[in-house]
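The structure appears right after this line, and notes come after that.
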Amino acid sequence: MAGSGTAHLRPERDLALAVDDLVVEFRVAGGTVHAVSGLHLDLLPGETLGILGESGCGKSSAGRALMQLPPPTSGTVRLGDTELTALSPRDMRRARARMQLVLQDPVSALNPRRRVGDIVVEGLEIWGWGDRDRARVVDELLTSVGLDPETVRDRRPHELSGGQCQRVAIARSLALDPDVLICDEPVSSLDVSVQAQILNLLERARERFELSMVFIAHDVAVVKNISDRVLVMYLGKTCEVLPSAALEASARHPYTRLLLDSVPSAADADRVPQPARAIELPSPLDPPSGCRFRTRCPLATERCAVEEPVLRELAPGQFVACHHAEPQGPA
Ligand SMILES: Nc1ncnc2c1ncn2[C@@H]1O[C@H](COP(=O)(O)OP(=O)(O)O)[C@@H](O)[C@H]1O
Ligand code: SF4
Ligand SMILES: [Mg+2]
């Protein structure tokens, strides 16, 4: 099934990550789940791309397919110069060390029986130490994520808070000196006060370790805060790609606007919360024809049911897949 096109891809040759026509489908009893349908994306060195969408839109399926965990149904993923989909299992293990995944639930991502000092160097135990001193590497990694080695080195995950566990998981990812970090809702399970600390940590790690990041989340504020560019996804397809600085003021796709409008503003703080929109996500077993968003879209016309919209550049760096979105007029 076709995706929303490639208008948003950039001509640079030195990309950290290039994803071409990624399709992820799951065979289930009732048919085929179309989780990701023709996703194209690129990531420049040092850049953070946010992937934004409601729960069930295919974000995690896309993130895991980038890591080849499991490999996608079709499409290609290029990490630097390495085409991942063509690698032998052994070469894939080696390449995977260059791309690390940070997940939502840090506590269950860590082996409960191991001590923190052992967990952060798990990857190095597989790939070898070179001539490095183990104790020093452990302490450097823990310090780099804002943990006191003396205090946490010999503890087990259940003795730490959720935020501390996420710091340990990030340290473990950084140990292998990856080029790309895929963060799948890394702060969604944490208290709001801790979320900001972990976002700061990721931002500092990106600079210090010269990482590129794909940052997946359903929370507009979180994605906007950390990303350079945002890709908005609905039912497995790209709706809009735009600079994060333009997200609130200039987003043009009706789905992006819906996501933005459902964020409570400061002015709403003392109002009674409205029930969530009654219209549910259509089943990815049988997605709507034409534009997948049409069953919820206030602007939908007959054309939207028969013709799939592709991404068009409506403003510099802003690409929208919608038949009826127009460039913003003068204010
Ligand atoms: N292993 C699987 N088997 C069957 N369906 C799956 C599987 N993983 C995800 N899905 C379905 O694929 C769709 C996208 O899921 P997911 O990628 O987890 O979305 P998100 O991360 O945006 O919440 C959902 O309908 C989900 O139920
Ligand atoms: S293409 Fe049609 S249904 Fe889809 S977002 Fe645009 S107006 Fe809405
Ligand atoms: Mg998810």
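Following the order of the structure tokens, chains are lettered A, B, ..., residues in each are numbered from 1, and ligands are numbered from 1.
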As number ranges by chain, please: every protein or nucleic acid residue near ligand 2 (cut-off 7 Å, counting only C-alpha atoms and all ligand atoms). A: 253-255, 291-294, 297-301, 304, 309, 321-325
Could the residues in this selection be written to a file with N, CA, C and O atoms, as a compact mmCIF listing (two decimals), in the first residue's frame?
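See part_10.txt below for the written result:
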```txt
# COMPACT_ATOMS: atom_id res chain seq x y z
N HIS A 253 -2.17 20.30 8.81
CA HIS A 253 -2.96 19.08 8.62
C HIS A 253 -4.06 19.00 9.68
O HIS A 253 -3.79 19.24 10.86
N PRO A 254 -5.29 18.68 9.28
CA PRO A 254 -6.38 18.62 10.27
C PRO A 254 -6.08 17.68 11.43
O PRO A 254 -6.52 17.93 12.56
N TYR A 255 -5.33 16.61 11.20
CA TYR A 255 -5.00 15.71 12.32
C TYR A 255 -4.01 16.37 13.28
O TYR A 255 -4.17 16.27 14.50
N CYS A 291 -7.81 9.01 2.08
CA CYS A 291 -7.12 9.54 3.26
C CYS A 291 -7.57 8.78 4.49
O CYS A 291 -8.77 8.73 4.80
N ARG A 292 -6.64 8.22 5.21
CA ARG A 292 -7.01 7.40 6.38
C ARG A 292 -7.66 8.22 7.49
O ARG A 292 -8.33 7.68 8.35
N PHE A 293 -7.46 9.54 7.46
CA PHE A 293 -8.02 10.37 8.52
C PHE A 293 -9.45 10.81 8.22
O PHE A 293 -10.10 11.45 9.05
N ARG A 294 -9.98 10.46 7.08
CA ARG A 294 -11.23 11.09 6.62
C ARG A 294 -12.43 10.83 7.54
O ARG A 294 -13.33 11.66 7.62
N CYS A 297 -12.25 13.62 10.01
CA CYS A 297 -11.78 14.92 9.56
C CYS A 297 -12.93 15.89 9.29
O CYS A 297 -13.85 15.57 8.53
N PRO A 298 -12.88 17.08 9.88
CA PRO A 298 -13.96 18.06 9.64
C PRO A 298 -13.96 18.62 8.22
O PRO A 298 -14.98 19.17 7.79
N LEU A 299 -12.87 18.47 7.47
CA LEU A 299 -12.80 19.04 6.12
C LEU A 299 -13.03 18.00 5.02
O LEU A 299 -12.93 18.31 3.84
N ALA A 300 -13.33 16.74 5.40
CA ALA A 300 -13.36 15.65 4.41
C ALA A 300 -14.40 15.88 3.32
O ALA A 300 -15.50 16.37 3.59
N THR A 301 -14.03 15.54 2.09
CA THR A 301 -14.95 15.59 0.94
C THR A 301 -14.92 14.24 0.24
O THR A 301 -14.15 13.36 0.64
N CYS A 304 -11.59 12.84 -0.77
CA CYS A 304 -10.74 12.25 0.28
C CYS A 304 -10.95 10.75 0.40
O CYS A 304 -10.09 10.03 0.89
N PRO A 309 -4.01 11.42 -0.33
CA PRO A 309 -3.19 12.64 -0.41
C PRO A 309 -1.71 12.32 -0.23
O PRO A 309 -1.36 11.43 0.54
N ALA A 321 0.19 16.22 3.91
CA ALA A 321 -0.53 15.29 3.03
C ALA A 321 -2.03 15.47 3.25
O ALA A 321 -2.64 14.80 4.08
N CYS A 322 -2.60 16.45 2.54
CA CYS A 322 -4.04 16.73 2.69
C CYS A 322 -4.50 17.45 1.43
O CYS A 322 -3.86 18.40 0.99
N HIS A 323 -5.64 17.00 0.87
CA HIS A 323 -6.14 17.64 -0.35
C HIS A 323 -6.57 19.08 -0.11
O HIS A 323 -6.58 19.89 -1.02
N HIS A 324 -7.00 19.37 1.09
CA HIS A 324 -7.65 20.67 1.32
C HIS A 324 -6.87 21.63 2.20
O HIS A 324 -7.36 22.72 2.50
N ALA A 325 -5.68 21.23 2.64
CA ALA A 325 -4.86 22.16 3.43
C ALA A 325 -4.25 23.18 2.49
O ALA A 325 -3.79 22.85 1.41
```
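For ligand 1, the neighbouring polymer residues at 8 Å or closer are A:Glu25, A:Phe26, A:Arg27, A:Val28, A:Val33, A:His34, A:Ala35, A:Val36, A:Gly53, A:Glu54, A:Ser55, A:Gly56, A:Cys57, A:Gly58, A:Lys59, A:Ser60, A:Ser61, A:Ala62, A:Gly63, A:Asp184, A:His218, A:Leu235, A:Gly236, A:Ser283, A:Pro284, A:Leu285, only C-alpha atoms and all ligand atoms being used.
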Just-selected residues, C-alpha atoms written as a tab-separated table (two decimals), in the first residue's frame:
```tsv
chain	number	residue	atom	x	y	z
A	25	GLU	CA	2.06	-5.67	8.87
A	26	PHE	CA	0.95	-8.29	11.34
A	27	ARG	CA	-1.04	-11.37	10.39
A	28	VAL	CA	-3.77	-11.89	12.97
A	33	VAL	CA	-2.97	-5.28	10.73
A	34	HIS	CA	-1.58	-2.41	8.64
A	35	ALA	CA	0.58	-0.88	11.39
A	36	VAL	CA	2.97	1.12	9.16
A	53	GLY	CA	0.70	10.39	16.97
A	54	GLU	CA	-1.99	8.88	19.17
A	55	SER	CA	-1.66	5.47	20.72
A	56	GLY	CA	-2.16	2.77	18.08
A	57	CYS	CA	-0.86	4.87	15.15
A	58	GLY	CA	2.09	2.56	14.51
A	59	LYS	CA	4.89	4.53	16.17
A	60	SER	CA	6.37	1.63	18.15
A	61	SER	CA	6.01	-0.75	15.21
A	62	ALA	CA	8.01	1.72	13.12
A	63	GLY	CA	10.64	2.18	15.86
A	184	ASP	CA	10.08	5.13	22.25
A	218	HIS	CA	2.07	10.83	21.85
A	235	LEU	CA	-2.86	5.00	11.18
A	236	GLY	CA	0.56	4.09	9.81
A	283	SER	CA	-9.30	-0.44	12.85
A	284	PRO	CA	-5.87	-0.86	11.23
A	285	LEU	CA	-7.25	-4.20	9.99
```
Leu142 (chain A) environment, 12 Å, only C-alpha atoms, sequence neighbours closer than 2 positions dropped, as JSON, numbers by chain: {"A": [116, 117, 118, 119, 120, 121, 135, 136, 137, 138, 139, 140, 144, 145, 146, 147, 148, 149, 150, 151, 152, 153, 154, 164, 165, 166, 167, 168, 169, 170, 171, 172, 173, 174, 175]}
Got time to write the residues from that selection, N, CA, C and O atoms, as a compact mmCIF listing (two decimals), in the first residue's frame?
```txt
# COMPACT_ATOMS: atom_id res chain seq x y z
N VAL A 116 23.23 -2.57 39.10
CA VAL A 116 23.28 -1.46 38.16
C VAL A 116 24.63 -1.38 37.45
O VAL A 116 24.72 -1.20 36.23
N GLY A 117 25.70 -1.58 38.21
CA GLY A 117 27.06 -1.50 37.62
C GLY A 117 27.27 -2.54 36.53
O GLY A 117 28.00 -2.30 35.57
N ASP A 118 26.63 -3.71 36.68
CA ASP A 118 26.76 -4.75 35.65
C ASP A 118 25.84 -4.45 34.47
O ASP A 118 26.19 -4.71 33.32
N ILE A 119 24.66 -3.90 34.77
CA ILE A 119 23.69 -3.63 33.70
C ILE A 119 24.25 -2.63 32.69
O ILE A 119 24.13 -2.84 31.48
N VAL A 120 24.88 -1.55 33.17
CA VAL A 120 25.28 -0.51 32.22
C VAL A 120 26.37 -0.98 31.25
O VAL A 120 26.53 -0.40 30.18
N VAL A 121 27.09 -2.04 31.61
CA VAL A 121 28.14 -2.51 30.69
C VAL A 121 27.78 -3.85 30.04
O VAL A 121 28.65 -4.50 29.45
N ALA A 135 35.87 -0.89 35.91
CA ALA A 135 35.31 -0.07 37.00
C ALA A 135 35.24 1.40 36.59
O ALA A 135 34.27 2.10 36.90
N ARG A 136 36.26 1.84 35.86
CA ARG A 136 36.25 3.25 35.45
C ARG A 136 35.14 3.52 34.43
O ARG A 136 34.45 4.54 34.50
N VAL A 137 34.96 2.58 33.50
CA VAL A 137 33.90 2.76 32.49
C VAL A 137 32.54 2.82 33.18
O VAL A 137 31.71 3.69 32.87
N VAL A 138 32.29 1.92 34.13
CA VAL A 138 31.01 1.91 34.85
C VAL A 138 30.78 3.27 35.51
O VAL A 138 29.71 3.89 35.36
N ASP A 139 31.78 3.77 36.21
CA ASP A 139 31.61 5.02 36.95
C ASP A 139 31.41 6.20 35.99
O ASP A 139 30.59 7.09 36.24
N GLU A 140 32.15 6.19 34.88
CA GLU A 140 31.98 7.29 33.90
C GLU A 140 30.57 7.28 33.32
O GLU A 140 29.95 8.34 33.16
N SER A 144 27.80 10.15 33.73
CA SER A 144 27.34 10.88 32.55
C SER A 144 25.81 10.98 32.49
O SER A 144 25.27 11.84 31.79
N VAL A 145 25.11 10.11 33.21
CA VAL A 145 23.64 10.22 33.24
C VAL A 145 23.15 10.79 34.57
O VAL A 145 21.97 10.64 34.92
N GLY A 146 24.05 11.41 35.30
CA GLY A 146 23.65 12.13 36.51
C GLY A 146 23.40 11.25 37.72
O GLY A 146 22.68 11.65 38.64
N LEU A 147 23.98 10.05 37.73
CA LEU A 147 23.84 9.18 38.91
C LEU A 147 25.17 9.14 39.66
O LEU A 147 26.24 9.19 39.04
N ASP A 148 25.09 9.01 40.98
CA ASP A 148 26.30 8.91 41.79
C ASP A 148 26.74 7.45 41.82
O ASP A 148 26.04 6.59 42.40
N PRO A 149 27.88 7.13 41.23
CA PRO A 149 28.30 5.72 41.16
C PRO A 149 28.36 5.04 42.52
O PRO A 149 27.89 3.91 42.68
N GLU A 150 28.89 5.76 43.51
CA GLU A 150 29.00 5.18 44.87
C GLU A 150 27.65 4.69 45.37
O GLU A 150 27.54 3.64 45.98
N THR A 151 26.61 5.49 45.11
CA THR A 151 25.28 5.19 45.67
C THR A 151 24.57 4.08 44.91
O THR A 151 23.89 3.25 45.52
N VAL A 152 24.69 4.07 43.58
CA VAL A 152 23.81 3.17 42.80
C VAL A 152 24.51 1.94 42.24
O VAL A 152 23.84 0.97 41.87
N ARG A 153 25.81 1.96 42.16
CA ARG A 153 26.57 0.91 41.46
C ARG A 153 26.15 -0.52 41.87
O ARG A 153 25.99 -1.40 41.03
N ASP A 154 25.95 -0.73 43.17
CA ASP A 154 25.68 -2.09 43.65
C ASP A 154 24.21 -2.36 43.92
O ASP A 154 23.85 -3.40 44.47
N GLN A 164 15.40 7.05 37.92
CA GLN A 164 16.77 6.53 38.04
C GLN A 164 16.96 5.32 37.12
O GLN A 164 18.01 5.18 36.48
N CYS A 165 15.93 4.46 37.04
CA CYS A 165 16.03 3.30 36.13
C CYS A 165 16.17 3.77 34.68
O CYS A 165 16.92 3.19 33.90
N GLN A 166 15.43 4.84 34.30
CA GLN A 166 15.57 5.31 32.92
C GLN A 166 16.98 5.85 32.69
O GLN A 166 17.55 5.67 31.62
N ARG A 167 17.57 6.48 33.70
CA ARG A 167 18.97 6.93 33.57
C ARG A 167 19.91 5.75 33.36
O ARG A 167 20.83 5.80 32.54
N VAL A 168 19.66 4.65 34.09
CA VAL A 168 20.50 3.46 33.93
C VAL A 168 20.35 2.89 32.52
O VAL A 168 21.32 2.54 31.85
N ALA A 169 19.09 2.84 32.04
CA ALA A 169 18.84 2.31 30.69
C ALA A 169 19.53 3.18 29.63
O ALA A 169 20.09 2.67 28.66
N ILE A 170 19.52 4.49 29.85
CA ILE A 170 20.18 5.39 28.88
C ILE A 170 21.70 5.18 28.95
O ILE A 170 22.37 5.11 27.91
N ALA A 171 22.23 5.04 30.16
CA ALA A 171 23.68 4.80 30.29
C ALA A 171 24.07 3.52 29.55
O ALA A 171 25.09 3.47 28.85
N ARG A 172 23.24 2.48 29.70
CA ARG A 172 23.53 1.21 29.03
C ARG A 172 23.54 1.40 27.50
O ARG A 172 24.36 0.83 26.79
N SER A 173 22.61 2.23 26.99
CA SER A 173 22.57 2.49 25.54
C SER A 173 23.79 3.27 25.09
O SER A 173 24.33 3.02 24.01
N LEU A 174 24.25 4.21 25.93
CA LEU A 174 25.37 5.06 25.53
C LEU A 174 26.70 4.31 25.58
O LEU A 174 27.67 4.70 24.91
N ALA A 175 26.75 3.22 26.37
CA ALA A 175 28.01 2.49 26.56
C ALA A 175 28.61 2.05 25.23
O ALA A 175 29.82 2.00 25.06
```
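Minimum atom-to-atom distances from A:Pro288, A:Pro157, A:Gly46, A:Pro89 to Asp179 (chain A) were compared using only C-alpha atoms, and the lowest value belongs to A:Gly46.
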For a quick check of understanding, using only C-alpha atoms, which of A:Val187, A:Leu181, A:Ala86, A:Leu43 has the smallest distance to Asp219 (chain A)? A:Val187
With DSSP run on the backbone, what are the strand (DSSP E or B) residues within region 64-168 of chain A? I'd like them as a PDB file with N, CA, C and O atoms, in the first residue's frame.
```pdb
ATOM      1  N   SER A  74       8.326  -4.955   4.554  1.00  0.00           N
ATOM      2  CA  SER A  74       9.113  -4.548   3.384  1.00  0.00           C
ATOM      3  C   SER A  74       9.654  -3.153   3.639  1.00  0.00           C
ATOM      4  O   SER A  74       9.326  -2.514   4.636  1.00  0.00           O
ATOM      5  N   GLY A  75      10.495  -2.696   2.714  1.00  0.00           N
ATOM      6  CA  GLY A  75      11.123  -1.387   2.876  1.00  0.00           C
ATOM      7  C   GLY A  75      12.570  -1.538   3.303  1.00  0.00           C
ATOM      8  O   GLY A  75      13.009  -2.629   3.670  1.00  0.00           O
ATOM      9  N   THR A  76      13.311  -0.434   3.228  1.00  0.00           N
ATOM     10  CA  THR A  76      14.729  -0.494   3.574  1.00  0.00           C
ATOM     11  C   THR A  76      15.064   0.517   4.662  1.00  0.00           C
ATOM     12  O   THR A  76      14.424   1.562   4.775  1.00  0.00           O
ATOM     13  N   VAL A  77      16.082   0.169   5.448  1.00  0.00           N
ATOM     14  CA  VAL A  77      16.575   1.030   6.523  1.00  0.00           C
ATOM     15  C   VAL A  77      18.087   1.123   6.365  1.00  0.00           C
ATOM     16  O   VAL A  77      18.776   0.098   6.395  1.00  0.00           O
ATOM     17  N   ARG A  78      18.586   2.332   6.153  1.00  0.00           N
ATOM     18  CA  ARG A  78      20.032   2.516   5.988  1.00  0.00           C
ATOM     19  C   ARG A  78      20.553   3.312   7.172  1.00  0.00           C
ATOM     20  O   ARG A  78      20.071   4.407   7.467  1.00  0.00           O
ATOM     21  N   LEU A  79      21.525   2.720   7.882  1.00  0.00           N
ATOM     22  CA  LEU A  79      22.154   3.362   9.035  1.00  0.00           C
ATOM     23  C   LEU A  79      23.527   3.827   8.566  1.00  0.00           C
ATOM     24  O   LEU A  79      24.405   2.987   8.328  1.00  0.00           O
ATOM     25  N   THR A  82      25.264   1.685   5.914  1.00  0.00           N
ATOM     26  CA  THR A  82      24.942   0.262   6.026  1.00  0.00           C
ATOM     27  C   THR A  82      23.456   0.010   5.794  1.00  0.00           C
ATOM     28  O   THR A  82      22.608   0.540   6.504  1.00  0.00           O
ATOM     29  N   GLU A  83      23.175  -0.811   4.800  1.00  0.00           N
ATOM     30  CA  GLU A  83      21.795  -1.200   4.516  1.00  0.00           C
ATOM     31  C   GLU A  83      21.431  -2.369   5.442  1.00  0.00           C
ATOM     32  O   GLU A  83      21.919  -3.477   5.276  1.00  0.00           O
ATOM     33  N   MET A  99      22.907   1.405  16.830  1.00  0.00           N
ATOM     34  CA  MET A  99      21.578   2.015  16.947  1.00  0.00           C
ATOM     35  C   MET A  99      20.922   1.414  18.192  1.00  0.00           C
ATOM     36  O   MET A  99      20.713   0.215  18.274  1.00  0.00           O
ATOM     37  N   GLN A 100      20.635   2.236  19.168  1.00  0.00           N
ATOM     38  CA  GLN A 100      20.143   1.725  20.441  1.00  0.00           C
ATOM     39  C   GLN A 100      18.718   2.190  20.692  1.00  0.00           C
ATOM     40  O   GLN A 100      18.314   3.268  20.245  1.00  0.00           O
ATOM     41  N   LEU A 101      17.976   1.370  21.434  1.00  0.00           N
ATOM     42  CA  LEU A 101      16.568   1.634  21.696  1.00  0.00           C
ATOM     43  C   LEU A 101      16.371   1.929  23.185  1.00  0.00           C
ATOM     44  O   LEU A 101      16.835   1.165  24.028  1.00  0.00           O
ATOM     45  N   VAL A 102      15.703   3.041  23.484  1.00  0.00           N
ATOM     46  CA  VAL A 102      15.338   3.356  24.871  1.00  0.00           C
ATOM     47  C   VAL A 102      13.817   3.275  24.951  1.00  0.00           C
ATOM     48  O   VAL A 102      13.120   3.920  24.161  1.00  0.00           O
TER      49      VAL A 102
END
```
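The shell of residues at most 12 Å from Glu207 (chain A), with only C-alpha atoms counted and near chain neighbours (fewer than 6 positions) removed, consists of Pro45, Gly46, Glu47, Thr48, Asp179, Asn200, Leu201 and Met213 of chain A.
Counting from CA of Ser212 (chain A), the distance to CA of Ile182 (chain A) is 8.7 Å.
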Based on the backbone DSSP call, show me all residues of region 123-187 of chain A assigned helix (DSSP H, G or I), as a short mmCIF file (atom, residue, chain, number, x, y, z; two decimals) with N, CA, C and O atoms, in the first residue's frame.
```
data_model
loop_
_atom_site.label_atom_id
_atom_site.label_comp_id
_atom_site.auth_asym_id
_atom_site.auth_seq_id
_atom_site.Cartn_x
_atom_site.Cartn_y
_atom_site.Cartn_z
N GLY A 123 26.30 -4.50 27.29
CA GLY A 123 26.64 -4.50 25.86
C GLY A 123 28.13 -4.66 25.65
O GLY A 123 28.58 -5.39 24.75
N LEU A 124 28.92 -4.01 26.50
CA LEU A 124 30.37 -4.09 26.35
C LEU A 124 30.88 -5.49 26.66
O LEU A 124 31.88 -5.94 26.12
N GLU A 125 30.15 -6.20 27.54
CA GLU A 125 30.57 -7.57 27.85
C GLU A 125 30.44 -8.45 26.61
O GLU A 125 31.19 -9.38 26.42
N ILE A 126 29.46 -8.12 25.77
CA ILE A 126 29.29 -8.90 24.53
C ILE A 126 30.32 -8.48 23.49
O ILE A 126 30.92 -9.31 22.82
N TRP A 127 30.54 -7.18 23.37
CA TRP A 127 31.38 -6.69 22.27
C TRP A 127 32.85 -6.51 22.63
O TRP A 127 33.66 -6.19 21.78
N ARG A 134 37.26 -1.70 33.50
CA ARG A 134 35.82 -1.90 33.70
C ARG A 134 35.24 -0.95 34.76
O ARG A 134 34.24 -0.28 34.51
N ALA A 135 35.87 -0.89 35.91
CA ALA A 135 35.31 -0.07 37.00
C ALA A 135 35.24 1.40 36.59
O ALA A 135 34.27 2.10 36.90
N ARG A 136 36.26 1.84 35.86
CA ARG A 136 36.25 3.25 35.45
C ARG A 136 35.14 3.52 34.43
O ARG A 136 34.45 4.54 34.50
N VAL A 137 34.96 2.58 33.50
CA VAL A 137 33.90 2.76 32.49
C VAL A 137 32.54 2.82 33.18
O VAL A 137 31.71 3.69 32.87
N VAL A 138 32.29 1.92 34.13
CA VAL A 138 31.01 1.91 34.85
C VAL A 138 30.78 3.27 35.51
O VAL A 138 29.71 3.89 35.36
N ASP A 139 31.78 3.77 36.21
CA ASP A 139 31.61 5.02 36.95
C ASP A 139 31.41 6.20 35.99
O ASP A 139 30.59 7.09 36.24
N GLU A 140 32.15 6.19 34.88
CA GLU A 140 31.98 7.29 33.90
C GLU A 140 30.57 7.28 33.32
O GLU A 140 29.95 8.34 33.16
N LEU A 141 30.08 6.09 33.00
CA LEU A 141 28.74 6.01 32.40
C LEU A 141 27.68 6.48 33.38
O LEU A 141 26.79 7.25 33.03
N LEU A 142 27.78 6.03 34.62
CA LEU A 142 26.78 6.43 35.62
C LEU A 142 26.84 7.94 35.85
O LEU A 142 25.80 8.62 35.91
N THR A 143 28.05 8.48 35.93
CA THR A 143 28.19 9.93 36.13
C THR A 143 27.59 10.69 34.95
O THR A 143 26.94 11.72 35.13
N SER A 144 27.80 10.15 33.73
CA SER A 144 27.34 10.88 32.55
C SER A 144 25.81 10.98 32.49
O SER A 144 25.27 11.84 31.79
N PRO A 149 27.88 7.13 41.23
CA PRO A 149 28.30 5.72 41.16
C PRO A 149 28.36 5.04 42.52
O PRO A 149 27.89 3.91 42.68
N GLU A 150 28.89 5.76 43.51
CA GLU A 150 29.00 5.18 44.87
C GLU A 150 27.65 4.69 45.37
O GLU A 150 27.54 3.64 45.98
N THR A 151 26.61 5.49 45.11
CA THR A 151 25.28 5.19 45.67
C THR A 151 24.57 4.08 44.91
O THR A 151 23.89 3.25 45.52
N VAL A 152 24.69 4.07 43.58
CA VAL A 152 23.81 3.17 42.80
C VAL A 152 24.51 1.94 42.24
O VAL A 152 23.84 0.97 41.87
N PRO A 157 17.67 -2.90 40.17
CA PRO A 157 16.68 -1.95 39.63
C PRO A 157 15.51 -1.65 40.57
O PRO A 157 15.08 -0.50 40.66
N HIS A 158 15.00 -2.65 41.32
CA HIS A 158 13.81 -2.38 42.14
C HIS A 158 14.12 -1.44 43.31
O HIS A 158 13.21 -0.93 43.95
N GLU A 159 15.40 -1.22 43.56
CA GLU A 159 15.76 -0.30 44.66
C GLU A 159 15.85 1.15 44.17
O GLU A 159 16.16 2.04 44.95
N GLY A 162 11.69 5.18 39.13
CA GLY A 162 11.52 5.04 37.68
C GLY A 162 12.48 5.92 36.91
O GLY A 162 13.08 5.51 35.91
N GLY A 163 12.66 7.16 37.38
CA GLY A 163 13.57 8.09 36.70
C GLY A 163 15.01 7.60 36.76
O GLY A 163 15.75 7.68 35.77
N GLN A 164 15.40 7.05 37.92
CA GLN A 164 16.77 6.53 38.04
C GLN A 164 16.96 5.32 37.12
O GLN A 164 18.01 5.18 36.48
N CYS A 165 15.93 4.46 37.04
CA CYS A 165 16.03 3.30 36.13
C CYS A 165 16.17 3.77 34.68
O CYS A 165 16.92 3.19 33.90
N GLN A 166 15.43 4.84 34.30
CA GLN A 166 15.57 5.31 32.92
C GLN A 166 16.98 5.85 32.69
O GLN A 166 17.55 5.67 31.62
N ARG A 167 17.57 6.48 33.70
CA ARG A 167 18.97 6.93 33.57
C ARG A 167 19.91 5.75 33.36
O ARG A 167 20.83 5.80 32.54
N VAL A 168 19.66 4.65 34.09
CA VAL A 168 20.50 3.46 33.93
C VAL A 168 20.35 2.89 32.52
O VAL A 168 21.32 2.54 31.85
N ALA A 169 19.09 2.84 32.04
CA ALA A 169 18.84 2.31 30.69
C ALA A 169 19.53 3.18 29.63
O ALA A 169 20.09 2.67 28.66
N ILE A 170 19.52 4.49 29.85
CA ILE A 170 20.18 5.39 28.88
C ILE A 170 21.70 5.18 28.95
O ILE A 170 22.37 5.11 27.91
N ALA A 171 22.23 5.04 30.16
CA ALA A 171 23.68 4.80 30.29
C ALA A 171 24.07 3.52 29.55
O ALA A 171 25.09 3.47 28.85
N ARG A 172 23.24 2.48 29.70
CA ARG A 172 23.53 1.21 29.03
C ARG A 172 23.54 1.40 27.50
O ARG A 172 24.36 0.83 26.79
N SER A 173 22.61 2.23 26.99
CA SER A 173 22.57 2.49 25.54
C SER A 173 23.79 3.27 25.09
O SER A 173 24.33 3.02 24.01
N LEU A 174 24.25 4.21 25.93
CA LEU A 174 25.37 5.06 25.53
C LEU A 174 26.70 4.31 25.58
O LEU A 174 27.67 4.70 24.91
#
```
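Restricting the calculation to only C-alpha atoms and all ligand atoms, the smallest distance between ligand 3 and any of A:Arg90, A:Arg96, A:Arg252, A:Arg64 is found for A:Arg64.
Of the residues listed (A:Ala16, A:Ile216, A:Ala109, A:Val23), A:Ile216 shows the shortest atom-to-atom separation from ligand 3; distances use only C-alpha atoms and all ligand atoms.
Distances to ligand 3 were evaluated for A:Leu22, A:Ala315, A:Ala97, A:Leu52 using only C-alpha atoms and all ligand atoms, and the minimum falls at A:Leu52.
Nearest residue to ligand 3 among A:Leu190, A:Cys183, A:Val310, A:Arg303 is A:Cys183, counting only C-alpha atoms and all ligand atoms.
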